[in-house]
file structure_32.csv (CSV, C-alpha atoms)
chain,number,residue,atom,x,y,z
I,4,MET,CA,-2.8,129.4,66.4
I,5,ILE,CA,-0.8,132.3,67.9
I,6,LYS,CA,1.9,131.6,65.4
I,7,LYS,CA,-0.5,132.0,62.5
I,8,VAL,CA,-1.9,135.2,63.9
I,9,LEU,CA,1.6,136.6,64.4
I,10,ILE,CA,2.5,135.7,60.8
I,11,PHE,CA,-0.6,137.5,59.5
I,12,ILE,CA,0.2,140.5,61.6
I,13,PHE,CA,3.8,140.6,60.3
I,14,ILE,CA,2.6,140.3,56.7
I,15,GLY,CA,0.1,143.0,57.3
I,16,ILE,CA,2.7,145.4,58.7
I,17,ILE,CA,5.1,144.7,55.7
I,18,GLY,CA,2.2,145.1,53.2
I,19,PHE,CA,1.1,148.3,54.8
I,20,TYR,CA,4.5,149.9,54.6
I,21,LEU,CA,5.1,148.6,51.0
I,22,VAL,CA,1.7,150.0,49.8
I,23,ASP,CA,2.5,153.2,51.6
I,24,ILE,CA,5.8,153.6,49.9
I,25,PHE,CA,4.7,152.5,46.4
I,26,SER,CA,1.6,154.7,46.4
I,27,GLN,CA,3.9,157.7,46.7
I,28,ILE,CA,5.8,156.8,43.6
I,29,PRO,CA,4.0,158.1,40.5
I,30,PHE,CA,3.5,155.3,38.0
I,31,GLY,CA,3.9,155.9,34.2
I,32,GLU,CA,4.5,159.6,34.5
I,33,LYS,CA,7.5,161.3,33.0
I,34,ARG,CA,9.9,162.5,35.6
I,35,ASP,CA,13.0,164.5,35.0
I,36,ASN,CA,15.5,162.6,37.1
I,37,VAL,CA,19.0,161.0,36.9
I,38,GLY,CA,18.0,158.6,34.1
I,39,ASP,CA,17.9,161.2,31.4
I,40,PHE,CA,21.3,162.5,32.5
I,41,TYR,CA,22.8,159.1,32.2
I,42,LEU,CA,21.2,158.4,28.8
I,43,GLU,CA,22.5,161.7,27.5
I,44,GLN,CA,26.0,161.5,29.0
I,45,SER,CA,26.7,157.9,28.0
I,46,VAL,CA,26.2,158.7,24.4
I,47,GLN,CA,27.6,162.2,24.2
I,48,THR,CA,30.5,162.3,26.6
I,49,LEU,CA,31.5,158.6,26.9
I,50,LYS,CA,30.6,157.6,23.4
I,51,VAL,CA,29.1,154.3,24.5
I,52,ALA,CA,26.4,152.9,22.3
I,53,ASN,CA,25.0,150.5,25.0
I,54,SER,CA,24.0,152.9,27.7
I,55,VAL,CA,23.4,150.1,30.2
I,56,THR,CA,27.1,149.3,30.1
I,57,GLY,CA,27.9,153.0,30.4
I,58,ILE,CA,25.9,153.2,33.6
I,59,VAL,CA,27.1,149.8,35.0
I,60,VAL,CA,30.8,150.3,34.4
I,61,ASN,CA,31.4,154.0,34.4
I,62,PHE,CA,28.8,155.9,36.4
I,63,ARG,CA,28.2,153.0,38.8
I,64,GLY,CA,31.6,151.3,38.5
I,65,PHE,CA,32.1,151.1,42.2
I,66,ASP,CA,28.9,149.1,42.5
I,67,THR,CA,30.2,146.7,39.9
I,68,LEU,CA,33.4,146.2,41.9
I,69,GLY,CA,31.1,145.3,44.8
I,70,GLU,CA,29.2,142.8,42.7
I,71,VAL,CA,32.4,141.1,41.6
I,72,THR,CA,33.5,141.0,45.2
I,73,VAL,CA,30.2,139.4,46.3
I,74,LEU,CA,30.5,136.8,43.5
I,75,PHE,CA,34.1,136.1,44.5
I,76,LEU,CA,33.2,135.7,48.2
I,77,ALA,CA,30.3,133.3,47.3
I,78,ALA,CA,32.6,131.1,45.1
I,79,LEU,CA,35.3,131.2,47.9
I,80,GLY,CA,32.8,130.1,50.5
I,81,LEU,CA,31.5,127.3,48.4
I,82,SER,CA,35.0,126.0,47.6
I,83,SER,CA,36.1,126.2,51.2
I,84,ILE,CA,33.1,124.1,52.3
I,85,MET,CA,33.1,121.6,49.4
I,86,TYR,CA,36.6,121.4,48.0
I,87,ARG,CA,38.4,118.3,49.0
I,88,ARG,CA,41.8,117.0,47.9
I,89,LYS,CA,41.9,113.7,46.1
I,90,LYS,CA,43.2,110.9,48.3
I,91,GLN,CA,45.9,108.6,47.0
I,92,GLY,CA,44.7,105.9,44.7
I,93,GLU,CA,41.3,107.4,44.6
I,94,LYS,CA,39.7,107.5,41.2
I,95,GLU,CA,37.5,110.3,39.9
I,96,VAL,CA,34.1,109.0,39.1
I,97,ARG,CA,31.8,111.5,37.5
I,98,ALA,CA,29.4,109.0,35.9
I,99,LYS,CA,29.5,105.3,35.6
I,100,LYS,CA,28.9,105.0,31.9
I,101,PRO,CA,30.4,107.3,29.3
I,102,SER,CA,28.0,109.7,27.7
I,103,SER,CA,26.5,108.9,24.3
I,104,ARG,CA,28.4,109.4,21.0
I,105,ILE,CA,25.9,112.0,19.8
I,106,LEU,CA,26.4,114.1,23.0
I,107,GLN,CA,30.2,113.8,22.7
I,108,VAL,CA,30.4,114.8,19.0
I,109,GLY,CA,27.8,117.6,19.5
I,110,ALA,CA,29.7,119.0,22.5
I,111,GLN,CA,32.9,119.0,20.5
I,112,ILE,CA,31.2,121.1,17.8
I,113,ILE,CA,29.3,123.4,20.1
I,114,PHE,CA,32.0,124.1,22.8
I,115,PRO,CA,34.3,126.4,20.7
I,116,MET,CA,31.2,128.2,19.3
I,117,VAL,CA,29.9,128.9,22.8
I,118,VAL,CA,33.3,130.1,24.0
I,119,VAL,CA,33.6,132.5,21.0
I,120,LEU,CA,30.0,133.7,21.7
I,121,GLY,CA,30.9,134.5,25.3
I,122,ALA,CA,34.1,136.3,24.3
I,123,TYR,CA,32.1,138.3,21.8
I,124,VAL,CA,29.5,139.2,24.4
I,125,PHE,CA,32.1,140.6,26.8
I,126,ILE,CA,34.4,142.2,24.2
I,127,HIS,CA,31.5,144.0,22.6
I,128,GLY,CA,29.9,144.9,25.9
I,129,HIS,CA,29.8,148.6,25.1
I,130,LEU,CA,28.3,148.1,21.7
I,131,THR,CA,25.7,145.3,21.9
I,132,PRO,CA,23.6,144.0,24.8
I,133,GLY,CA,25.6,142.0,27.3
I,134,GLY,CA,28.8,142.5,29.1
I,135,GLY,CA,31.3,140.9,31.5
I,136,PHE,CA,28.9,139.0,33.7
I,137,GLN,CA,26.8,137.6,30.8
I,138,GLY,CA,29.8,136.6,28.7
I,139,GLY,CA,31.5,135.0,31.7
I,140,ALA,CA,28.3,133.0,32.5
I,141,ILE,CA,28.1,131.9,28.8
I,142,ILE,CA,31.7,130.6,28.9
I,143,ALA,CA,31.0,128.8,32.2
I,144,THR,CA,28.1,127.1,30.5
I,145,ALA,CA,30.4,125.9,27.8
I,146,SER,CA,32.8,124.4,30.3
I,147,LEU,CA,29.8,122.9,32.1
I,148,LEU,CA,28.9,121.2,28.9
I,149,MET,CA,32.4,119.7,28.6
I,150,LEU,CA,32.4,118.6,32.2
I,151,ILE,CA,29.2,116.7,32.0
I,152,THR,CA,30.0,115.2,28.6
I,153,TYR,CA,33.6,114.0,29.0
I,154,ARG,CA,34.6,112.2,32.1
I,155,LYS,CA,38.3,113.0,31.5
I,156,PHE,CA,37.8,116.8,31.0
I,157,LYS,CA,39.5,118.4,33.9
I,158,VAL,CA,39.6,122.0,35.2
I,159,ASN,CA,43.0,123.1,36.6
I,160,HIS,CA,42.2,124.9,39.8
I,161,ASN,CA,45.6,126.7,39.8
I,162,THR,CA,45.0,128.1,36.4
I,163,VAL,CA,41.4,129.1,37.3
I,164,SER,CA,42.5,130.9,40.5
I,165,TRP,CA,45.4,132.7,38.6
I,166,ILE,CA,43.0,134.0,35.9
I,167,GLU,CA,40.6,135.1,38.6
I,168,SER,CA,43.3,136.9,40.6
I,169,ILE,CA,44.9,138.6,37.6
I,170,ALA,CA,41.5,139.8,36.4
I,171,GLY,CA,40.6,141.2,39.8
I,172,VAL,CA,44.0,143.0,40.1
I,173,VAL,CA,43.5,144.5,36.6
I,174,PHE,CA,40.0,145.8,37.5
I,175,VAL,CA,41.2,147.5,40.7
I,176,SER,CA,44.4,148.8,39.2
I,177,VAL,CA,42.5,150.4,36.3
I,178,GLY,CA,40.5,152.1,39.0
I,179,MET,CA,43.6,153.2,40.9
I,180,VAL,CA,45.1,154.8,37.7
I,181,GLY,CA,42.1,157.2,37.8
I,182,LEU,CA,43.0,158.1,41.3
I,183,LEU,CA,46.7,158.6,40.5
I,184,LYS,CA,45.7,161.0,37.7
I,185,GLY,CA,43.8,163.1,40.2
I,186,MET,CA,40.3,161.9,39.2
I,187,ALA,CA,37.8,159.8,41.0
I,188,PHE,CA,38.2,156.0,41.5
I,189,LEU,CA,37.3,154.2,38.2
I,190,GLU,CA,36.8,157.4,36.3
I,191,ASN,CA,37.6,157.3,32.6
I,192,PHE,CA,41.1,158.5,31.8
I,193,LEU,CA,41.5,157.1,28.2
I,194,ASP,CA,40.5,158.6,24.9
I,195,VAL,CA,36.8,157.8,24.4
I,196,GLY,CA,37.1,157.4,20.6
I,197,GLU,CA,34.2,157.3,18.3
I,198,LEU,CA,30.6,156.2,18.9
I,199,ASN,CA,29.9,152.6,17.7
I,200,SER,CA,33.5,151.6,17.1
I,201,LEU,CA,35.2,148.8,19.0
I,202,LEU,CA,37.8,151.0,20.7
I,203,SER,CA,35.3,153.4,22.2
I,204,GLY,CA,34.2,154.1,25.7
I,205,GLY,CA,37.7,154.4,27.3
I,206,ILE,CA,38.3,152.0,30.2
I,207,ILE,CA,35.0,150.2,29.8
I,208,GLY,CA,36.5,147.7,27.4
I,209,ILE,CA,39.4,146.8,29.7
I,210,ILE,CA,37.1,146.5,32.7
I,211,TYR,CA,34.6,144.3,31.0
I,212,VAL,CA,37.2,142.0,29.6
I,213,ALA,CA,38.6,141.6,33.1
I,214,VAL,CA,35.1,141.0,34.6
I,215,GLY,CA,34.4,138.5,31.8
I,216,PHE,CA,37.5,136.5,32.6
I,217,LYS,CA,36.9,136.7,36.3
I,218,VAL,CA,33.3,135.6,36.2
I,219,ALA,CA,34.0,132.8,33.8
I,220,ALA,CA,36.8,131.5,36.0
I,221,GLU,CA,34.8,131.7,39.2
I,222,LEU,CA,31.7,130.0,37.8
I,223,THR,CA,33.8,127.3,36.2
I,224,GLY,CA,35.5,126.7,39.5
I,225,VAL,CA,32.1,126.5,41.3
I,226,ILE,CA,30.7,124.0,38.8
I,227,ASP,CA,33.8,121.9,38.9
I,228,THR,CA,33.9,121.9,42.7
I,229,VAL,CA,30.2,120.9,42.9
I,230,LEU,CA,30.4,118.3,40.2
I,231,LEU,CA,33.6,116.6,41.4
I,232,ASN,CA,33.0,116.6,45.1
I,233,ASN,CA,29.5,115.1,44.8
I,234,ARG,CA,30.3,111.8,43.2
I,235,PRO,CA,28.6,108.6,44.1
I,236,ASP,CA,31.8,107.3,46.0
I,237,ASN,CA,31.6,110.2,48.4
I,238,ASN,CA,28.0,109.3,49.3
I,239,ASN,CA,28.8,105.7,50.1
I,240,GLU,CA,31.3,106.8,52.6
I,241,ASN,CA,28.8,108.9,54.4
I,242,ASN,CA,26.1,106.2,54.5
N,2,MET,CA,1.6,145.3,17.2
N,3,THR,CA,-1.5,143.5,18.1
N,4,TRP,CA,-0.2,140.1,16.8
N,5,LEU,CA,2.5,140.3,19.6
N,6,ILE,CA,-0.2,139.7,22.2
N,7,ILE,CA,-0.7,136.0,21.3
N,8,PRO,CA,2.9,134.8,22.0
N,9,ILE,CA,2.9,136.9,25.2
N,10,ILE,CA,-0.3,135.2,26.4
N,11,ILE,CA,1.2,131.8,25.6
N,12,LEU,CA,4.4,132.8,27.5
N,13,VAL,CA,2.4,134.0,30.5
N,14,ILE,CA,0.5,130.7,30.7
N,15,LEU,CA,3.7,128.7,30.3
N,16,THR,CA,5.6,130.6,33.0
N,17,ILE,CA,2.8,130.7,35.5
N,18,GLY,CA,1.8,127.1,34.8
N,19,SER,CA,5.4,125.8,35.3
N,20,ALA,CA,5.6,127.9,38.5
N,21,ILE,CA,2.5,126.3,39.9
N,22,TYR,CA,3.7,122.8,38.8
N,23,ALA,CA,7.1,123.4,40.5
N,24,VAL,CA,5.3,123.9,43.8
N,25,VAL,CA,2.7,121.1,43.4
N,26,THR,CA,4.8,118.2,42.1
N,27,LYS,CA,6.3,115.7,44.4
N,28,ASN,CA,9.1,114.8,42.0
N,29,LEU,CA,11.9,117.3,42.7
N,30,LEU,CA,13.6,116.7,39.4
N,31,TYR,CA,10.5,117.8,37.5
N,32,ALA,CA,10.3,120.8,39.9
N,33,VAL,CA,13.8,121.8,39.1
N,34,VAL,CA,13.2,121.5,35.3
N,35,SER,CA,10.1,123.5,35.5
N,36,THR,CA,12.0,126.2,37.5
N,37,GLY,CA,14.3,126.3,34.5
N,38,LEU,CA,11.2,126.8,32.3
N,39,ILE,CA,10.2,129.7,34.5
N,40,SER,CA,13.6,131.3,33.8
N,41,LEU,CA,13.3,130.7,30.1
N,42,GLY,CA,9.9,132.4,30.0
N,43,LEU,CA,11.3,135.2,32.1
N,44,SER,CA,14.2,135.8,29.9
N,45,LEU,CA,11.9,136.0,26.8
N,46,PHE,CA,9.8,138.5,28.8
N,47,PHE,CA,12.9,140.6,29.5
N,48,PHE,CA,13.7,140.5,25.8
N,49,ILE,CA,10.2,141.5,24.7
N,50,LEU,CA,10.2,144.3,27.3
N,51,GLN,CA,13.5,145.6,25.8
N,52,ALA,CA,16.0,144.6,28.4
N,53,PRO,CA,18.3,142.3,26.4
N,54,ASP,CA,21.1,142.6,29.0
N,55,VAL,CA,19.0,141.1,31.7
N,56,ALA,CA,17.6,138.5,29.3
N,57,LEU,CA,21.1,137.3,28.6
N,58,THR,CA,21.9,137.0,32.3
N,59,GLU,CA,18.7,135.2,33.0
N,60,ALA,CA,19.1,132.8,30.1
N,61,ALA,CA,22.7,131.8,31.0
N,62,ILE,CA,22.4,131.7,34.8
N,63,GLY,CA,18.7,130.9,35.4
N,64,VAL,CA,18.3,128.3,32.7
N,65,ALA,CA,21.7,126.6,32.6
N,66,LEU,CA,23.8,127.0,35.8
N,67,THR,CA,21.1,127.0,38.5
N,68,THR,CA,19.3,124.1,37.0
N,69,ILE,CA,22.4,122.0,36.7
N,70,ILE,CA,23.5,122.8,40.3
N,71,PHE,CA,20.1,121.7,41.6
N,72,ILE,CA,20.2,118.6,39.5
N,73,ILE,CA,23.6,117.6,40.9
N,74,THR,CA,22.1,118.2,44.4
N,75,ILE,CA,19.1,116.0,43.7
N,76,ARG,CA,21.4,113.3,42.4
N,77,ASN,CA,23.1,113.1,45.7
N,78,THR,CA,20.0,113.4,47.9
N,79,THR,CA,16.5,112.3,47.2
N,80,GLN,CA,14.4,112.7,44.1
N,81,TYR,CA,11.0,112.5,45.8
N,82,GLU,CA,9.5,114.6,48.5
N,83,ASP,CA,8.6,112.8,51.8
N,84,GLU,CA,10.1,109.5,50.7
N,85,PRO,CA,13.5,109.0,52.2
N,86,LYS,CA,13.4,105.2,51.6
N,87,LYS,CA,13.6,105.5,47.8
N,88,GLU,CA,17.0,107.2,48.1
N,89,LYS,CA,19.2,104.3,47.3
N,90,ASN,CA,17.3,103.1,44.3
N,91,MET,CA,17.2,106.6,42.8
N,92,LYS,CA,20.9,107.0,43.4
N,93,GLY,CA,21.7,103.9,41.5
N,94,GLU,CA,19.5,104.9,38.6
N,95,LEU,CA,20.5,108.6,38.5
N,96,SER,CA,24.2,108.0,38.6
N,97,ASN,CA,24.0,106.7,35.1
N,98,ASP,CA,23.2,109.9,33.5
call {"tool": "encode", "arguments": {"input": "structure_32.csv", "output": "structure tokens"}}
result
Amino acid sequence: MIKKVLIFIFIGIIGFYLVDIFSQIPFGEKRDNVGDFYLEQSVQTLKVANSVTGIVVNFRGFDTLGEVTVLFLAALGLSSIMYRRKKQGEKEVRAKKPSSRILQVGAQIIFPMVVVLGAYVFIHGHLTPGGGFQGGAIIATASLLMLITYRKFKVNHNTVSWIESIAGVVFVSVGMVGLLKGMAFLENFLDVGELNSLLSGGIIGIIYVAVGFKVAAELTGVIDTVLLNNRPDNNNENN
Amino acid sequence: MTWLIIPIIILVILTIGSAIYAVVTKNLLYAVVSTGLISLGLSLFFFILQAPDVALTEAAIGVALTTIIFIITIRNTTQYEDEPKKEKNMKGELSND
């Protein structure tokens, strides 16, 4: 009884302050704030057609570095809990029966298309919707398809961690070049080019390709760790 | 743009309905699949409301990756709520897929 009353009191307090804060924000009115500045600058100064990318990578580039770090730490934590080296003579059992012929042939056809789509999404991040995170997630989905379809499809953890490390180093060193040139960290130092062309936006293209590789490698590693270390054999040992 | 209201209403019903079903059902596999349906509806909403970047993220992560990770988890634990005894049977059946 006391517990329930306490819960209601806490919900009431949180609700009161939320209503108090949100009632002070005008809804649906035009406000001259930082958004207009970003929309204007990302097209005029940076020559980036997709202003979301302009904000995420350039004006808020440091936040993106933080996001990449959070994702890296999450993947690292998961691997350190779940990754387990194969014992000698132990077979990898992903599923007892091979998957159906339709799924196998379909996966062979779809896999390269999905990888190309993911690469397109992060290479064209400054022109069309999408970017490094989205493209990386799409590529991870493709490798997930292969992992659940083919029992012999393997992900090399060394390659994955090398790709991840190199991409992270590229991201940070591109930011450091800005510092060396006497500008802010992650500030644009390249020629911005023309609006709507592939080589526009300065460092945005480099950073998004690096982020795409990094996210794809991390998520693939996560899926592989979860899939391979949760096989039926493992459970029987625990029971 | 009045014709656009009909698919939006269908989407609202689909999303909220699958959210309620995910809470109500005892079969965790169905709950996970309907959680994926929520993400699908949400990503279409993001697309309609002119946020295609968020829609892409939601579609790739919410529909595919999260659902699969939960399904793997279910395969190794129990499929039903409140019924720990069914664990072994379900494991044998589920390991085939």
call {"tool": "residues_around", "arguments": {"input": "structure_32.csv", "residues": "region 123-126 of chain I", "least_positions_apart": "6", "cutoff": "7 Å", "atoms": "all atoms listed in the file", "output": "JSON list (two decimals) with C-alpha atoms, in the frame of the given file"}}
result
[["chain", "number", "residue", "atom", "x", "y", "z"],
["I", 133, "GLY", "CA", 25.60, 142.00, 27.30],
["I", 134, "GLY", "CA", 28.80, 142.50, 29.10],
["I", 135, "GLY", "CA", 31.30, 140.90, 31.50],
["I", 138, "GLY", "CA", 29.80, 136.60, 28.70],
["I", 208, "GLY", "CA", 36.50, 147.70, 27.40],
["I", 211, "TYR", "CA", 34.60, 144.30, 31.00],
["I", 212, "VAL", "CA", 37.20, 142.00, 29.60],
["I", 215, "GLY", "CA", 34.40, 138.50, 31.80]]
call {"tool": "atom_distance", "arguments": {"input": "structure_32.csv", "atom1": "CA of Val59 (chain I)", "atom2": "CA of Thr223 (chain I)"}}
result
23.5 Å
call {"tool": "residues_around", "arguments": {"input": "structure_32.csv", "residues": "Ile169 (chain I)", "least_positions_apart": "6", "cutoff": "10 Å", "atoms": "only C-alpha atoms", "output": "count of residues only"}}
result
3
call {"tool": "residues_around", "arguments": {"input": "structure_32.csv", "residues": "His160 (chain I)", "least_positions_apart": "2", "cutoff": "12 Å", "atoms": "all atoms listed in the file", "output": "PyMOL selection string"}}
result
chain I and resi 82+86-88+157-158+162-167+220-228
call {"tool": "residues_around", "arguments": {"input": "structure_32.csv", "residues": "Ala61 (chain N)", "least_positions_apart": "5", "cutoff": "12 Å", "atoms": "only C-alpha atoms", "output": "list in words"}}
result
Val117, Leu120, Gly121, Gly133, Phe136, Gln137, Gly138, Gly139, Ala140, Ile141, Ile142, Ala143, Thr144, Ala145, Leu147, Ala219 and Leu222 of chain I; Gly37, Ser40, Leu41, Leu43, Ser44, Asp54, Val55, Ala56, Leu66, Thr67, Thr68 and Ile69 of chain N
call {"tool": "residues_around", "arguments": {"input": "structure_32.csv", "residues": "region 18-21 of chain N", "least_positions_apart": "5", "cutoff": "7 Å", "atoms": "all atoms listed in the file", "output": "ChimeraX atom specification"}}
result
/N:35-36,38-39
call {"tool": "atom_distance", "arguments": {"input": "structure_32.csv", "atom1": "CA of Leu5 (chain N)", "atom2": "CA of Gly42 (chain N)"}}
result
15.0 Å
call {"tool": "atom_distance", "arguments": {"input": "structure_32.csv", "atom1": "CA of Val24 (chain N)", "atom2": "CA of Gln51 (chain N)"}}
result
29.4 Å
call {"tool": "closest_residue", "arguments": {"input": "structure_32.csv", "among": "N:Leu29, N:Ala52, N:Val34, N:Ala23", "to": "Pro132 (chain I)", "atoms": "all atoms listed in the file"}}
result
N:Ala52
call {"tool": "closest_residue", "arguments": {"input": "structure_32.csv", "among": "N:Leu57, N:Pro8, N:Glu82, N:Val64", "to": "chain I", "atoms": "all atoms listed in the file"}}
result
N:Leu57
call {"tool": "decode", "arguments": {"input": "structure_32.csv", "residues": "region 160-189 of chain I", "atoms": "N, CA and C atoms", "output": "PDB file, in the first residue's frame"}}
result
ATOM      1  N   HIS I 160      36.886 -12.155 -36.639  1.00  0.00           N
ATOM      2  CA  HIS I 160      36.881 -11.095 -35.629  1.00  0.00           C
ATOM      3  C   HIS I 160      38.086 -10.180 -35.733  1.00  0.00           C
ATOM      4  N   ASN I 161      39.225 -10.719 -36.213  1.00  0.00           N
ATOM      5  CA  ASN I 161      40.394  -9.850 -36.387  1.00  0.00           C
ATOM      6  C   ASN I 161      40.131  -8.780 -37.428  1.00  0.00           C
ATOM      7  N   THR I 162      39.592  -9.211 -38.582  1.00  0.00           N
ATOM      8  CA  THR I 162      39.293  -8.244 -39.637  1.00  0.00           C
ATOM      9  C   THR I 162      38.317  -7.191 -39.138  1.00  0.00           C
ATOM     10  N   VAL I 163      37.265  -7.665 -38.440  1.00  0.00           N
ATOM     11  CA  VAL I 163      36.253  -6.733 -37.952  1.00  0.00           C
ATOM     12  C   VAL I 163      36.872  -5.706 -37.020  1.00  0.00           C
ATOM     13  N   SER I 164      37.755  -6.170 -36.103  1.00  0.00           N
ATOM     14  CA  SER I 164      38.296  -5.192 -35.157  1.00  0.00           C
ATOM     15  C   SER I 164      39.298  -4.271 -35.834  1.00  0.00           C
ATOM     16  N   TRP I 165      40.017  -4.778 -36.878  1.00  0.00           N
ATOM     17  CA  TRP I 165      40.929  -3.884 -37.602  1.00  0.00           C
ATOM     18  C   TRP I 165      40.147  -2.806 -38.335  1.00  0.00           C
ATOM     19  N   ILE I 166      39.058  -3.205 -39.030  1.00  0.00           N
ATOM     20  CA  ILE I 166      38.244  -2.202 -39.745  1.00  0.00           C
ATOM     21  C   ILE I 166      37.739  -1.150 -38.784  1.00  0.00           C
ATOM     22  N   GLU I 167      37.259  -1.641 -37.622  1.00  0.00           N
ATOM     23  CA  GLU I 167      36.708  -0.742 -36.626  1.00  0.00           C
ATOM     24  C   GLU I 167      37.756   0.246 -36.126  1.00  0.00           C
ATOM     25  N   SER I 168      38.969  -0.284 -35.815  1.00  0.00           N
ATOM     26  CA  SER I 168      40.010   0.593 -35.275  1.00  0.00           C
ATOM     27  C   SER I 168      40.443   1.621 -36.302  1.00  0.00           C
ATOM     28  N   ILE I 169      40.653   1.161 -37.567  1.00  0.00           N
ATOM     29  CA  ILE I 169      41.130   2.102 -38.591  1.00  0.00           C
ATOM     30  C   ILE I 169      40.098   3.191 -38.821  1.00  0.00           C
ATOM     31  N   ALA I 170      38.801   2.798 -38.851  1.00  0.00           N
ATOM     32  CA  ALA I 170      37.764   3.801 -39.077  1.00  0.00           C
ATOM     33  C   ALA I 170      37.731   4.820 -37.943  1.00  0.00           C
ATOM     34  N   GLY I 171      37.859   4.327 -36.702  1.00  0.00           N
ATOM     35  CA  GLY I 171      37.872   5.250 -35.577  1.00  0.00           C
ATOM     36  C   GLY I 171      39.050   6.195 -35.627  1.00  0.00           C
ATOM     37  N   VAL I 172      40.243   5.657 -35.996  1.00  0.00           N
ATOM     38  CA  VAL I 172      41.443   6.500 -36.077  1.00  0.00           C
ATOM     39  C   VAL I 172      41.274   7.552 -37.171  1.00  0.00           C
ATOM     40  N   VAL I 173      40.662   7.151 -38.314  1.00  0.00           N
ATOM     41  CA  VAL I 173      40.448   8.121 -39.400  1.00  0.00           C
ATOM     42  C   VAL I 173      39.547   9.251 -38.930  1.00  0.00           C
ATOM     43  N   PHE I 174      38.454   8.902 -38.234  1.00  0.00           N
ATOM     44  CA  PHE I 174      37.530   9.923 -37.728  1.00  0.00           C
ATOM     45  C   PHE I 174      38.275  10.932 -36.851  1.00  0.00           C
ATOM     46  N   VAL I 175      39.001  10.425 -35.845  1.00  0.00           N
ATOM     47  CA  VAL I 175      39.649  11.333 -34.897  1.00  0.00           C
ATOM     48  C   VAL I 175      40.753  12.123 -35.577  1.00  0.00           C
ATOM     49  N   SER I 176      41.518  11.462 -36.503  1.00  0.00           N
ATOM     50  CA  SER I 176      42.633  12.210 -37.092  1.00  0.00           C
ATOM     51  C   SER I 176      42.133  13.271 -38.063  1.00  0.00           C
ATOM     52  N   VAL I 177      40.987  13.033 -38.738  1.00  0.00           N
ATOM     53  CA  VAL I 177      40.415  14.102 -39.559  1.00  0.00           C
ATOM     54  C   VAL I 177      40.063  15.300 -38.679  1.00  0.00           C
ATOM     55  N   GLY I 178      39.531  15.002 -37.475  1.00  0.00           N
ATOM     56  CA  GLY I 178      39.258  16.096 -36.556  1.00  0.00           C
ATOM     57  C   GLY I 178      40.516  16.802 -36.104  1.00  0.00           C
ATOM     58  N   MET I 179      41.605  16.030 -35.886  1.00  0.00           N
ATOM     59  CA  MET I 179      42.846  16.633 -35.401  1.00  0.00           C
ATOM     60  C   MET I 179      43.494  17.519 -36.456  1.00  0.00           C
ATOM     61  N   VAL I 180      43.307  17.174 -37.752  1.00  0.00           N
ATOM     62  CA  VAL I 180      43.882  18.015 -38.804  1.00  0.00           C
ATOM     63  C   VAL I 180      43.313  19.422 -38.705  1.00  0.00           C
ATOM     64  N   GLY I 181      41.998  19.506 -38.391  1.00  0.00           N
ATOM     65  CA  GLY I 181      41.400  20.821 -38.174  1.00  0.00           C
ATOM     66  C   GLY I 181      42.101  21.585 -37.075  1.00  0.00           C
ATOM     67  N   LEU I 182      42.437  20.878 -35.985  1.00  0.00           N
ATOM     68  CA  LEU I 182      43.143  21.536 -34.882  1.00  0.00           C
ATOM     69  C   LEU I 182      44.519  22.022 -35.333  1.00  0.00           C
ATOM     70  N   LEU I 183      45.228  21.148 -36.127  1.00  0.00           N
ATOM     71  CA  LEU I 183      46.578  21.512 -36.562  1.00  0.00           C
ATOM     72  C   LEU I 183      46.549  22.733 -37.457  1.00  0.00           C
ATOM     73  N   LYS I 184      45.465  22.894 -38.220  1.00  0.00           N
ATOM     74  CA  LYS I 184      45.390  24.049 -39.105  1.00  0.00           C
ATOM     75  C   LYS I 184      44.938  25.305 -38.381  1.00  0.00           C
ATOM     76  N   GLY I 185      44.790  25.218 -37.057  1.00  0.00           N
ATOM     77  CA  GLY I 185      44.435  26.403 -36.299  1.00  0.00           C
ATOM     78  C   GLY I 185      42.951  26.657 -36.212  1.00  0.00           C
ATOM     79  N   MET I 186      42.136  25.633 -36.571  1.00  0.00           N
ATOM     80  CA  MET I 186      40.691  25.807 -36.461  1.00  0.00           C
ATOM     81  C   MET I 186      40.183  24.936 -35.318  1.00  0.00           C
ATOM     82  N   ALA I 187      38.868  24.835 -35.210  1.00  0.00           N
ATOM     83  CA  ALA I 187      38.291  24.025 -34.134  1.00  0.00           C
ATOM     84  C   ALA I 187      38.393  22.551 -34.485  1.00  0.00           C
ATOM     85  N   PHE I 188      38.226  21.700 -33.468  1.00  0.00           N
ATOM     86  CA  PHE I 188      38.217  20.253 -33.687  1.00  0.00           C
ATOM     87  C   PHE I 188      37.054  19.896 -34.598  1.00  0.00           C
ATOM     88  N   LEU I 189      37.328  19.103 -35.635  1.00  0.00           N
ATOM     89  CA  LEU I 189      36.337  18.655 -36.619  1.00  0.00           C
ATOM     90  C   LEU I 189      35.791  19.788 -37.471  1.00  0.00           C
TER      91      LEU I 189
END
